[in-house]
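Colleague: You'll find final-v8.txt just under this line, and it carries compact mmCIF, C-alpha atoms.
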```
# COMPACT_ATOMS: atom_id res chain seq x y z
CA MET A 1 54.98 -128.46 -71.45
CA SER A 2 58.24 -127.14 -72.89
CA ARG A 3 61.82 -128.01 -72.05
CA PHE A 4 64.31 -125.29 -71.05
CA LEU A 5 68.06 -125.81 -70.67
CA PHE A 6 69.83 -123.10 -68.63
CA VAL A 7 73.56 -122.74 -69.41
CA VAL A 8 75.39 -120.84 -66.68
CA PRO A 9 78.96 -120.06 -65.61
CA PRO A 10 80.34 -121.10 -62.19
CA LEU A 11 79.50 -117.64 -60.80
CA VAL A 12 76.93 -117.18 -58.02
CA GLY A 13 75.79 -113.77 -59.25
CA HIS A 14 74.98 -115.20 -62.68
CA ILE A 15 73.24 -118.34 -61.41
CA ASN A 16 70.92 -116.72 -58.84
CA PRO A 17 68.77 -114.71 -61.31
CA ALA A 18 68.43 -117.78 -63.54
CA VAL A 19 67.30 -119.84 -60.54
CA GLY A 20 64.30 -117.55 -60.05
CA THR A 21 63.31 -117.75 -63.71
CA ALA A 22 63.74 -121.52 -63.79
CA ALA A 23 61.61 -121.88 -60.66
CA ALA A 24 58.83 -119.79 -62.22
CA LEU A 25 58.86 -121.98 -65.34
CA ALA A 26 58.92 -125.19 -63.30
CA GLY A 27 55.93 -123.93 -61.31
CA ARG A 28 54.02 -123.69 -64.61
CA GLY A 29 54.77 -127.31 -65.47
CA HIS A 30 57.79 -126.91 -67.75
CA ALA A 31 60.82 -129.21 -67.59
CA ILE A 32 64.08 -127.59 -66.48
CA ALA A 33 67.68 -128.72 -66.74
CA TRP A 34 71.01 -127.03 -66.15
CA ALA A 35 74.42 -127.13 -67.81
CA GLY A 36 77.20 -125.90 -65.58
CA ALA A 37 79.05 -126.60 -62.34
CA PRO A 38 77.19 -129.41 -60.52
CA GLY A 39 78.14 -128.66 -56.92
CA LEU A 40 77.37 -124.97 -57.20
CA LEU A 41 74.12 -125.57 -59.09
CA HIS A 42 72.85 -128.14 -56.60
CA ARG A 43 73.56 -125.68 -53.81
CA LEU A 44 71.82 -122.75 -55.50
CA ALA A 45 69.10 -124.40 -57.60
CA GLY A 46 68.38 -127.21 -55.15
CA PRO A 47 69.63 -130.77 -54.64
CA GLU A 48 66.92 -132.16 -56.95
CA ALA A 49 67.91 -129.98 -59.90
CA ARG A 50 68.79 -131.89 -63.07
CA VAL A 51 72.35 -130.86 -63.88
CA PHE A 52 74.57 -131.79 -66.80
CA PRO A 53 78.15 -131.23 -65.58
CA CYS A 54 80.18 -129.14 -67.98
CA ALA A 55 81.94 -126.54 -65.84
CA PRO A 56 84.24 -126.86 -62.82
CA ASP A 57 82.99 -125.89 -59.37
CA HIS A 58 86.49 -124.54 -58.78
CA PRO A 59 88.99 -123.28 -61.37
CA ALA A 60 92.03 -125.35 -62.18
CA PRO A 61 95.14 -124.36 -60.18
CA ASP A 62 96.79 -122.61 -63.14
CA GLN A 63 93.60 -120.68 -63.95
CA ALA A 64 93.10 -119.81 -60.27
CA ALA A 65 96.62 -118.40 -60.17
CA ARG A 66 95.97 -116.26 -63.26
CA VAL A 67 92.68 -114.93 -61.90
CA ALA A 68 94.18 -114.26 -58.46
CA GLY A 69 96.96 -112.33 -60.17
CA ARG A 70 94.45 -109.90 -61.67
CA THR A 71 94.83 -107.17 -59.08
CA ALA A 72 92.64 -104.14 -58.55
CA GLU A 73 95.22 -102.07 -60.46
CA LEU A 74 94.22 -103.80 -63.71
CA ARG A 75 91.56 -101.52 -65.17
CA GLY A 76 89.85 -100.50 -68.40
CA PRO A 77 90.72 -102.37 -71.63
CA ALA A 78 93.48 -104.36 -69.90
CA ALA A 79 91.04 -105.76 -67.33
CA PHE A 80 88.48 -106.46 -70.07
CA GLN A 81 91.02 -108.33 -72.19
CA PHE A 82 92.24 -110.30 -69.19
CA LEU A 83 88.68 -111.37 -68.34
CA TRP A 84 88.07 -112.71 -71.84
CA GLU A 85 91.48 -114.27 -72.47
CA SER A 86 91.98 -115.83 -69.05
CA PHE A 87 88.46 -116.79 -68.03
CA LEU A 88 85.54 -116.48 -70.46
CA ILE A 89 87.14 -117.99 -73.58
CA PRO A 90 88.80 -120.88 -71.69
CA LEU A 91 85.49 -121.47 -69.92
CA ALA A 92 83.69 -121.65 -73.28
CA ASP A 93 86.22 -124.15 -74.63
CA HIS A 94 85.84 -126.25 -71.48
CA MET A 95 82.02 -126.22 -71.51
CA ALA A 96 81.31 -126.75 -75.21
CA LEU A 97 81.32 -130.57 -75.34
CA GLY A 98 79.25 -130.81 -72.15
CA ILE A 99 76.68 -128.34 -73.50
CA ARG A 100 76.41 -130.30 -76.72
CA ALA A 101 75.94 -133.55 -74.75
CA ALA A 102 73.29 -131.89 -72.56
CA ILE A 103 71.37 -130.72 -75.62
CA GLU A 104 71.53 -134.16 -77.22
CA GLU A 105 70.24 -135.91 -74.08
CA PHE A 106 67.73 -133.35 -72.76
CA ARG A 107 66.51 -132.11 -76.15
CA PRO A 108 65.43 -128.64 -75.01
CA ASP A 109 62.95 -126.49 -76.87
CA VAL A 110 64.87 -123.39 -75.75
CA VAL A 111 68.41 -122.88 -74.50
CA VAL A 112 68.77 -120.00 -72.04
CA ALA A 113 72.46 -119.07 -72.07
CA ASP A 114 74.06 -116.65 -69.66
CA GLN A 115 75.82 -113.75 -71.35
CA GLN A 116 79.16 -114.98 -70.01
CA THR A 117 78.70 -118.59 -71.13
CA VAL A 118 79.10 -117.76 -74.80
CA ALA A 119 79.47 -121.45 -75.64
CA GLY A 120 75.76 -121.86 -74.91
CA GLY A 121 74.71 -119.48 -77.66
CA LEU A 122 77.33 -120.67 -80.14
CA VAL A 123 76.49 -124.37 -79.74
CA ALA A 124 72.72 -123.78 -79.71
CA GLU A 125 72.85 -121.67 -82.88
CA SER A 126 75.05 -124.21 -84.65
CA LEU A 127 72.42 -126.88 -83.93
CA GLY A 128 69.57 -124.71 -85.19
CA LEU A 129 67.96 -124.29 -81.76
CA THR A 130 66.03 -121.35 -80.36
CA TRP A 131 68.19 -119.70 -77.71
CA VAL A 132 67.82 -116.71 -75.43
CA THR A 133 70.46 -114.67 -73.64
CA SER A 134 70.27 -114.27 -69.88
CA ALA A 135 71.82 -110.84 -69.22
CA THR A 136 72.47 -110.86 -65.49
CA THR A 137 74.45 -107.65 -65.79
CA SER A 138 73.39 -104.61 -67.78
CA ALA A 139 76.94 -103.73 -68.88
CA GLU A 140 76.63 -105.20 -72.38
CA LEU A 141 73.31 -103.40 -72.89
CA ALA A 142 75.16 -100.11 -72.50
CA GLU A 143 77.59 -101.00 -75.35
CA PRO A 144 80.77 -100.68 -73.26
CA LEU A 145 83.04 -101.04 -76.31
CA ALA A 146 81.35 -98.34 -78.40
CA GLY A 147 84.28 -95.98 -77.83
CA MET A 148 86.97 -98.67 -78.17
CA PRO A 149 86.78 -99.99 -81.75
CA LYS A 150 90.15 -101.79 -81.56
CA VAL A 151 89.11 -103.70 -78.43
CA ALA A 152 85.75 -104.52 -80.04
CA ALA A 153 87.50 -105.87 -83.14
CA TRP A 154 89.87 -107.89 -80.97
CA LEU A 155 86.93 -109.48 -79.14
CA ASP A 156 85.11 -110.20 -82.42
CA GLY A 157 88.20 -112.08 -83.54
CA LEU A 158 88.30 -114.12 -80.34
CA LEU A 159 84.64 -115.06 -80.68
CA GLU A 160 84.95 -116.02 -84.34
CA ALA A 161 87.94 -118.24 -83.56
CA LEU A 162 85.91 -119.81 -80.75
CA ARG A 163 82.98 -120.37 -83.14
CA GLY A 164 85.32 -122.22 -85.47
CA ARG A 165 86.59 -124.47 -82.66
CA ILE A 166 83.33 -125.39 -80.90
CA ALA A 167 80.55 -124.77 -83.47
CA ASP A 168 82.21 -125.83 -86.74
CA GLY A 169 82.08 -122.19 -87.85
CA ARG A 170 78.28 -122.27 -88.10
CA GLY A 171 76.21 -119.20 -87.25
CA THR A 172 76.63 -115.45 -87.33
CA ALA A 173 74.93 -114.13 -84.17
CA ASP A 174 76.75 -112.41 -81.34
CA PRO A 175 76.69 -115.08 -78.58
CA ARG A 176 76.26 -112.35 -75.96
CA MET A 177 73.01 -111.01 -77.48
CA SER A 178 70.67 -113.59 -78.96
CA PRO A 179 68.48 -112.37 -81.86
CA HIS A 180 65.67 -114.54 -80.42
CA GLY A 181 65.53 -112.55 -77.18
CA VAL A 182 67.53 -111.13 -74.28
CA LEU A 183 66.30 -111.40 -70.70
CA ALA A 184 67.69 -108.23 -69.10
CA TYR A 185 67.33 -108.29 -65.33
CA THR A 186 67.01 -104.54 -64.89
CA THR A 187 64.64 -101.63 -65.65
CA ARG A 188 64.85 -98.20 -67.22
CA ALA A 189 64.90 -96.65 -63.76
CA LEU A 190 68.42 -98.06 -63.27
CA LEU A 191 69.60 -98.61 -66.85
CA GLY A 192 68.91 -95.06 -67.98
CA PRO A 193 68.29 -93.78 -71.53
CA VAL A 194 70.04 -96.51 -73.51
CA ASP A 195 68.70 -97.39 -76.99
CA LEU A 196 67.65 -101.03 -77.05
CA PRO A 197 66.21 -103.27 -79.77
CA GLU A 198 62.73 -104.69 -79.26
CA HIS A 199 64.01 -108.19 -78.49
CA VAL A 200 65.76 -106.97 -75.32
CA TRP A 201 63.22 -107.54 -72.55
CA LEU A 202 63.60 -105.45 -69.39
CA VAL A 203 62.07 -107.88 -66.91
CA GLY A 204 63.59 -106.50 -63.70
CA PRO A 205 65.70 -108.48 -61.22
CA SER A 206 64.85 -112.12 -60.63
CA VAL A 207 64.89 -112.15 -56.84
CA SER A 208 63.78 -115.40 -55.22
CA ASP A 209 64.28 -117.27 -51.97
CA ARG A 210 67.43 -119.35 -51.86
CA PRO A 211 69.16 -121.55 -49.28
CA ALA A 212 70.74 -119.57 -46.45
CA SER A 213 72.88 -120.58 -43.50
CA ALA A 214 71.03 -120.76 -40.20
CA ASP A 215 73.93 -119.62 -38.01
CA PHE A 216 73.73 -115.85 -38.55
CA PRO A 217 73.36 -114.03 -35.19
CA TRP A 218 70.23 -112.02 -35.98
CA GLN A 219 69.92 -110.88 -32.38
CA TRP A 220 73.13 -108.87 -32.83
CA LEU A 221 71.23 -106.43 -35.05
CA GLU A 222 68.59 -105.66 -32.43
CA GLY A 223 68.59 -102.15 -31.00
CA ALA A 224 70.65 -100.53 -33.77
CA GLU A 225 69.43 -97.18 -35.07
CA ARG A 226 71.17 -97.79 -38.40
CA THR A 227 72.71 -100.93 -39.92
CA VAL A 228 75.19 -101.03 -42.82
CA LEU A 229 76.27 -104.02 -44.89
CA VAL A 230 79.79 -103.94 -46.36
CA SER A 231 80.55 -106.54 -49.05
CA LEU A 232 82.90 -106.72 -52.02
CA GLY A 233 81.75 -110.16 -53.22
CA THR A 234 83.70 -113.40 -53.11
CA ALA A 235 85.31 -112.86 -56.52
CA ASN A 236 87.21 -109.79 -55.28
CA ALA A 237 88.84 -111.34 -52.21
CA ASP A 238 92.32 -110.77 -53.68
CA ALA A 239 91.79 -107.00 -53.65
CA SER A 240 89.54 -106.56 -50.62
CA GLY A 241 91.89 -106.14 -47.65
CA PRO A 242 92.75 -102.41 -47.67
CA PHE A 243 89.19 -101.35 -48.54
CA LEU A 244 87.50 -103.55 -45.92
CA ASN A 245 89.90 -102.38 -43.21
CA ALA A 246 89.31 -98.76 -44.19
CA ALA A 247 85.55 -99.38 -43.96
CA VAL A 248 85.95 -100.95 -40.52
CA GLN A 249 87.98 -97.94 -39.40
CA ALA A 250 85.34 -95.58 -40.83
CA LEU A 251 82.40 -97.28 -39.11
CA SER A 252 83.90 -98.49 -35.82
CA GLY A 253 82.52 -96.63 -32.81
CA LYS A 254 79.81 -94.71 -34.69
CA LEU A 255 76.98 -94.12 -32.24
CA GLY A 256 73.75 -95.89 -33.06
CA LEU A 257 75.28 -97.70 -36.04
CA ARG A 258 76.16 -101.34 -36.51
CA ALA A 259 77.93 -102.76 -39.54
CA VAL A 260 78.13 -106.26 -40.94
CA VAL A 261 81.34 -106.74 -42.91
CA VAL A 262 81.69 -109.71 -45.27
CA ASP A 263 85.30 -110.89 -45.22
CA PRO A 264 85.70 -114.26 -46.98
CA ALA A 265 89.50 -113.97 -47.10
CA GLY A 266 89.97 -113.08 -43.42
CA CYS A 267 91.56 -109.69 -44.14
CA VAL A 268 89.92 -107.57 -41.43
CA THR A 269 91.77 -106.63 -38.24
CA GLY A 270 90.89 -104.39 -35.33
CA ALA A 271 87.09 -104.22 -35.69
CA GLY A 272 85.15 -102.24 -33.09
CA GLU A 273 82.36 -103.66 -30.94
CA ASN A 274 79.73 -102.32 -33.34
CA ILE A 275 81.26 -104.29 -36.25
CA LEU A 276 80.31 -107.90 -37.02
CA VAL A 277 82.78 -109.61 -39.34
CA ARG A 278 81.59 -112.77 -41.10
CA PRO A 279 83.09 -114.82 -43.96
CA TYR A 280 79.62 -115.18 -45.53
CA VAL A 281 76.15 -113.80 -44.82
CA PRO A 282 72.57 -114.64 -45.89
CA GLN A 283 72.45 -111.59 -48.13
CA LEU A 284 68.79 -111.49 -49.18
CA PRO A 285 67.23 -111.68 -45.70
CA LEU A 286 69.94 -109.37 -44.38
CA LEU A 287 69.16 -106.70 -46.97
CA ALA A 288 65.65 -106.47 -45.55
CA ARG A 289 67.23 -105.38 -42.25
CA VAL A 290 69.87 -102.85 -43.33
CA ASP A 291 69.78 -99.13 -44.08
CA ALA A 292 72.72 -98.85 -46.50
CA VAL A 293 75.07 -101.07 -48.48
CA VAL A 294 78.74 -100.45 -49.24
CA CYS A 295 79.82 -102.65 -52.15
CA HIS A 296 81.83 -103.06 -55.35
CA ALA A 297 78.84 -102.33 -57.66
CA GLY A 298 78.34 -105.96 -58.59
CA HIS A 299 75.07 -106.06 -60.54
CA ASN A 300 73.49 -108.75 -58.36
CA THR A 301 74.25 -106.98 -55.07
CA VAL A 302 73.16 -103.61 -56.47
CA CYS A 303 69.84 -104.94 -57.74
CA GLU A 304 69.08 -106.88 -54.58
CA ALA A 305 69.81 -103.81 -52.45
CA LEU A 306 67.64 -101.56 -54.61
CA TRP A 307 64.89 -104.21 -54.64
CA HIS A 308 64.72 -103.60 -50.89
CA GLY A 309 64.90 -99.79 -51.34
CA VAL A 310 68.38 -99.61 -49.77
CA PRO A 311 70.77 -96.85 -50.97
CA LEU A 312 74.36 -97.69 -51.84
CA VAL A 313 77.95 -96.58 -51.59
CA VAL A 314 79.60 -98.10 -54.67
CA ALA A 315 83.33 -98.51 -55.18
CA PRO A 316 83.76 -100.34 -58.52
CA ILE A 317 86.86 -102.46 -58.97
CA ARG A 318 86.77 -103.87 -62.52
CA ASP A 319 84.77 -105.58 -65.29
CA ASP A 320 81.17 -104.29 -65.51
CA GLN A 321 81.27 -102.61 -62.11
CA PRO A 322 82.12 -99.04 -63.26
CA ILE A 323 79.14 -99.14 -65.64
CA VAL A 324 76.79 -100.39 -62.91
CA ALA A 325 78.16 -97.80 -60.47
CA GLY A 326 77.41 -95.08 -63.01
CA GLN A 327 73.85 -96.36 -63.27
CA VAL A 328 73.44 -96.21 -59.47
CA THR A 329 74.60 -92.61 -59.25
CA GLY A 330 72.69 -91.68 -62.41
CA ALA A 331 69.52 -92.89 -60.72
CA GLY A 332 70.39 -90.89 -57.60
CA ALA A 333 70.39 -94.05 -55.50
CA GLY A 334 73.90 -93.82 -54.12
CA VAL A 335 77.37 -92.31 -53.87
CA ARG A 336 80.41 -93.46 -55.84
CA LEU A 337 83.94 -93.78 -54.51
CA ARG A 338 87.21 -94.51 -56.28
CA PHE A 339 88.18 -97.93 -55.00
CA GLY A 340 91.91 -97.26 -54.82
CA ARG A 341 91.45 -93.96 -52.95
CA ALA A 342 88.64 -94.97 -50.59
CA ASP A 343 90.18 -94.25 -47.20
CA ALA A 344 88.31 -94.24 -43.88
CA ARG A 345 87.36 -90.55 -44.14
CA ARG A 346 85.88 -90.86 -47.63
CA ILE A 347 83.97 -94.03 -46.75
CA ALA A 348 82.56 -92.45 -43.58
CA GLU A 349 81.43 -89.36 -45.48
CA ALA A 350 79.80 -91.46 -48.21
CA VAL A 351 77.94 -93.64 -45.70
CA ASP A 352 76.73 -90.54 -43.85
CA ALA A 353 75.49 -89.12 -47.16
CA VAL A 354 73.36 -92.13 -48.12
CA LEU A 355 72.00 -92.48 -44.58
CA ASP A 356 70.93 -88.83 -44.56
CA GLU A 357 67.19 -88.87 -45.28
CA THR A 358 67.38 -85.35 -46.75
CA SER A 359 69.91 -86.37 -49.42
CA GLY A 360 67.29 -88.08 -51.57
CA HIS A 361 69.32 -91.28 -52.01
CA ARG A 362 66.90 -93.44 -50.05
CA ALA A 363 63.90 -92.03 -51.94
CA ALA A 364 65.66 -92.74 -55.24
CA ALA A 365 66.54 -96.29 -54.14
CA ARG A 366 62.92 -96.93 -53.23
CA SER A 367 61.79 -95.56 -56.59
CA VAL A 368 64.11 -97.95 -58.45
CA GLY A 369 62.92 -100.77 -56.20
CA ARG A 370 59.31 -100.05 -57.11
CA SER A 371 60.21 -100.21 -60.81
CA PHE A 372 61.85 -103.60 -60.21
CA ARG A 373 58.75 -105.01 -58.55
CA THR A 374 56.45 -103.61 -61.22
CA ALA A 375 58.57 -105.15 -64.00
CA GLY A 376 57.82 -108.63 -62.70
CA GLY A 377 61.23 -110.26 -62.39
CA SER A 378 61.20 -114.05 -62.69
CA ALA A 379 57.48 -114.18 -63.53
CA ALA A 380 57.95 -111.66 -66.36
CA ALA A 381 60.97 -113.61 -67.64
CA ALA A 382 58.89 -116.80 -67.65
CA ASP A 383 56.12 -114.95 -69.52
CA ARG A 384 58.59 -113.89 -72.21
CA LEU A 385 59.95 -117.41 -72.64
CA GLU A 386 56.46 -118.89 -72.86
CA ALA A 387 55.46 -116.27 -75.43
CA LEU A 388 58.58 -117.09 -77.44
CA MET A 389 57.59 -120.77 -77.44
CA ALA A 390 54.11 -119.88 -78.67
CA HIS A 391 55.66 -118.34 -81.80
CA CYS A 392 58.22 -121.05 -82.45
CA PRO A 393 57.51 -123.43 -85.34
```
Output the file's structure in the form of structure tokens.
Modeller:
Amino acid sequence: MSRFLFVVPPLVGHINPAVGTAAALAGRGHAIAWAGAPGLLHRLAGPEARVFPCAPDHPAPDQAARVAGRTAELRGPAAFQFLWESFLIPLADHMALGIRAAIEEFRPDVVVADQQTVAGGLVAESLGLTWVTSATTSAELAEPLAGMPKVAAWLDGLLEALRGRIADGRGTADPRMSPHGVLAYTTRALLGPVDLPEHVWLVGPSVSDRPASADFPWQWLEGAERTVLVSLGTANADASGPFLNAAVQALSGKLGLRAVVVDPAGCVTGAGENILVRPYVPQLPLLARVDAVVCHAGHNTVCEALWHGVPLVVAPIRDDQPIVAGQVTGAGAGVRLRFGRADARRIAEAVDAVLDETSGHRAAARSVGRSFRTAGGSAAAADRLEALMAHCP
């Protein structure tokens, strides 16, 4: 038996893939613990999960205000810099002591650190531990800063200063890409022809059952010729209103079509009878019942849709989403829209395109989905971690 400590940010899309891998390891008799936000982890990983609290379930009021102020108009390097300065670096500073305490008490053989909890890699390396990166988005694999050397140098400076504060300056590895191994929850079919070192393991998405609310009106879907899911994720609620209302306008009254629109901020008005608006939905079981997804190109939503062979309309907003959207269209599995210009006409045309069986989008989505299932997902990730342990001194 080995002991694995998973270090994760308070972000659902980053925790869910790790939950599948952790469950696979636990099923093989290994001991699992978590370092992160306790309320969120107990909801996603189960009430019996062993959690070392070191991240807030909700951001502090001042941080929430800063994040809410990051509007959809903030793009490119400015959005990237905002993400690191206002969220990821403060999160690392906040989590560092808790991660160190978790390591001291749990004594893991391997630390599995999410790519956005850079404190996990920095602290683990400073203590001489074996650590692996959990890459729940493929954006870093595509080297997004290759054409922006000044931004890359700026980030290197931030990370080195962080290393000095929380790891006594020890270590040299990039905390986003462990030299021991990187669990990349994607495949070549979606990632495309990107050069990768041997220690980056393309294991495919880690899709596993997770708790879901029992109050979804499944009977509402019965009798529909086509069903569409529209979701921009909970993290984009501040920018979702105009797009969601345009989508409702585009899809309202379409014969034979029903749409489920996820609206956590309560922005939608004037929905037609064929539109179901819900603050939250049980996404995984719902994806097995829909014919297309309209989303922000969040990596988790994209991979879960393609796992089910569902084509996408992607309208990236910020962060890694433009890269993921490019991967979707590069694979032929969907249509891309410009978020700020996505009016009702453009959304309607894009949905019609991915629903058209002759367009090839559905066939491409199914092809990517087959590659995901063949890769192995959580079982393949567990295999890699066990193999790593077999070679550790």
Colleague: Name the closest residue to Gln81 (chain A) among the candidates A:Cys54, A:Ala247, A:Ala101, A:Val151; distances are taken between atoms, counting only C-alpha atoms.
Modeller: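 Counting only C-alpha atoms, the residue closest to Gln81 (chain A) is A:Val151.
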Colleague: Nearest to Ala26 (chain A): which of A:Val313, A:Arg50, A:Val132, A:Val290 is it, counting only C-alpha atoms?
Modeller: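 Using only C-alpha atoms, the shortest distance to Ala26 (chain A) belongs to A:Arg50.
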Colleague: As a VMD selection string, please: the residues near His30 (chain A) (cut-off 7 Å, only C-alpha atoms, same-chain neighbours under 6 positions excluded).
Modeller: chain A and resid 1 to 3
Colleague: Show me, as a PDB file with C-alpha atoms, in the coordinates of the input, the residues that have an atom within 12 Å of Leu162 (chain A) when counting only C-alpha atoms, minus same-chain residues fewer than 2 positions from it.
Modeller:
```pdb
ATOM      1  CA  TRP A  84      88.070-112.710 -71.840  1.00  0.00           C
ATOM      2  CA  GLU A  85      91.480-114.270 -72.470  1.00  0.00           C
ATOM      3  CA  LEU A  88      85.540-116.480 -70.460  1.00  0.00           C
ATOM      4  CA  ILE A  89      87.140-117.990 -73.580  1.00  0.00           C
ATOM      5  CA  PRO A  90      88.800-120.880 -71.690  1.00  0.00           C
ATOM      6  CA  LEU A  91      85.490-121.470 -69.920  1.00  0.00           C
ATOM      7  CA  ALA A  92      83.690-121.650 -73.280  1.00  0.00           C
ATOM      8  CA  ASP A  93      86.220-124.150 -74.630  1.00  0.00           C
ATOM      9  CA  HIS A  94      85.840-126.250 -71.480  1.00  0.00           C
ATOM     10  CA  MET A  95      82.020-126.220 -71.510  1.00  0.00           C
ATOM     11  CA  ALA A  96      81.310-126.750 -75.210  1.00  0.00           C
ATOM     12  CA  VAL A 118      79.100-117.760 -74.800  1.00  0.00           C
ATOM     13  CA  ALA A 119      79.470-121.450 -75.640  1.00  0.00           C
ATOM     14  CA  GLY A 120      75.760-121.860 -74.910  1.00  0.00           C
ATOM     15  CA  GLY A 121      74.710-119.480 -77.660  1.00  0.00           C
ATOM     16  CA  LEU A 122      77.330-120.670 -80.140  1.00  0.00           C
ATOM     17  CA  VAL A 123      76.490-124.370 -79.740  1.00  0.00           C
ATOM     18  CA  LEU A 155      86.930-109.480 -79.140  1.00  0.00           C
ATOM     19  CA  ASP A 156      85.110-110.200 -82.420  1.00  0.00           C
ATOM     20  CA  GLY A 157      88.200-112.080 -83.540  1.00  0.00           C
ATOM     21  CA  LEU A 158      88.300-114.120 -80.340  1.00  0.00           C
ATOM     22  CA  LEU A 159      84.640-115.060 -80.680  1.00  0.00           C
ATOM     23  CA  GLU A 160      84.950-116.020 -84.340  1.00  0.00           C
ATOM     24  CA  GLY A 164      85.320-122.220 -85.470  1.00  0.00           C
ATOM     25  CA  ARG A 165      86.590-124.470 -82.660  1.00  0.00           C
ATOM     26  CA  ILE A 166      83.330-125.390 -80.900  1.00  0.00           C
ATOM     27  CA  ALA A 167      80.550-124.770 -83.470  1.00  0.00           C
ATOM     28  CA  ASP A 168      82.210-125.830 -86.740  1.00  0.00           C
ATOM     29  CA  GLY A 169      82.080-122.190 -87.850  1.00  0.00           C
ATOM     30  CA  ARG A 170      78.280-122.270 -88.100  1.00  0.00           C
ATOM     31  CA  GLY A 171      76.210-119.200 -87.250  1.00  0.00           C
ATOM     32  CA  ASP A 174      76.750-112.410 -81.340  1.00  0.00           C
ATOM     33  CA  PRO A 175      76.690-115.080 -78.580  1.00  0.00           C
TER      34      PRO A 175
END
```
Colleague: Would you list the contacts of Val200 (chain A) as a PDB file with C-alpha atoms, in the frame of the given file, taking every protein, DNA or RNA residue within 10 Å and counting all atoms listed in the file, but skipping same-chain residues closer than 6 positions in sequence?
Modeller:
```
ATOM      1  CA  VAL A 132      67.820-116.710 -75.430  1.00  0.00           C
ATOM      2  CA  THR A 133      70.460-114.670 -73.640  1.00  0.00           C
ATOM      3  CA  ALA A 135      71.820-110.840 -69.220  1.00  0.00           C
ATOM      4  CA  LEU A 141      73.310-103.400 -72.890  1.00  0.00           C
ATOM      5  CA  MET A 177      73.010-111.010 -77.480  1.00  0.00           C
ATOM      6  CA  SER A 178      70.670-113.590 -78.960  1.00  0.00           C
ATOM      7  CA  PRO A 179      68.480-112.370 -81.860  1.00  0.00           C
ATOM      8  CA  HIS A 180      65.670-114.540 -80.420  1.00  0.00           C
ATOM      9  CA  GLY A 181      65.530-112.550 -77.180  1.00  0.00           C
ATOM     10  CA  VAL A 182      67.530-111.130 -74.280  1.00  0.00           C
ATOM     11  CA  LEU A 183      66.300-111.400 -70.700  1.00  0.00           C
ATOM     12  CA  ALA A 184      67.690-108.230 -69.100  1.00  0.00           C
TER      13      ALA A 184
END
```
Colleague: Between CA of Asn245 (chain A) and CA of Ala331 (chain A), what distance in Å does the model show, to one decimal?
Modeller: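 Taking CA of Asn245 (chain A) as the start and CA of Ala331 (chain A) as the end point, the length is 28.5 Å.
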Colleague: I'd like the interatomic distance between CA of Val228 (chain A) and CA of Ile347 (chain A), to a tenth of an Å.
Modeller: 11.9 Å
Colleague: For Val207 (chain A), which of A:Phe106, A:Phe87, A:Phe243, A:Tyr185 is the closest residue, counting all atoms listed in the file?
Modeller: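 Going through A:Phe106, A:Phe87, A:Phe243, A:Tyr185 one by one, the smallest distance to Val207 (chain A) is for A:Tyr185.
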Colleague: Env of Ala365 (chain A): 6 Å cut, atoms = all atoms listed in the file, seq-sep filter 6 positions within chain, self excluded. Answer as a ChimeraX atom specification.
Modeller: /A:306,309-311,333
Colleague: Set the distance at 7 Å and use all atoms listed in the file: which residues neighbour Ser206 (chain A) once local chain neighbours fewer than 5 positions away are removed? I'd like the list as a list in words.
Modeller: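 Within the cut-off, the hits are Pro17, Gly20, Thr21, Tyr185, Gly377 and Ser378 of chain A.
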Colleague: Between CA of Arg43 (chain A) and CA of Ser240 (chain A), what is the distance in Å, rounded to a tenth?
Modeller: 25.1 Å
Colleague: So which one's closest to Ser252 (chain A), A:Glu225, A:Val268, A:Asn274, A:Ile103? Using all atoms listed in the file, please.
Modeller: A:Asn274
Colleague: Give the answer as one residue: which of A:Pro193, A:Pro108, A:Pro149, A:Pro77 has the shortest atom-to-atom distance to Gly330 (chain A), using all atoms listed in the file?
Modeller: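 Ranked by minimum distance to Gly330 (chain A), first place goes to A:Pro193.
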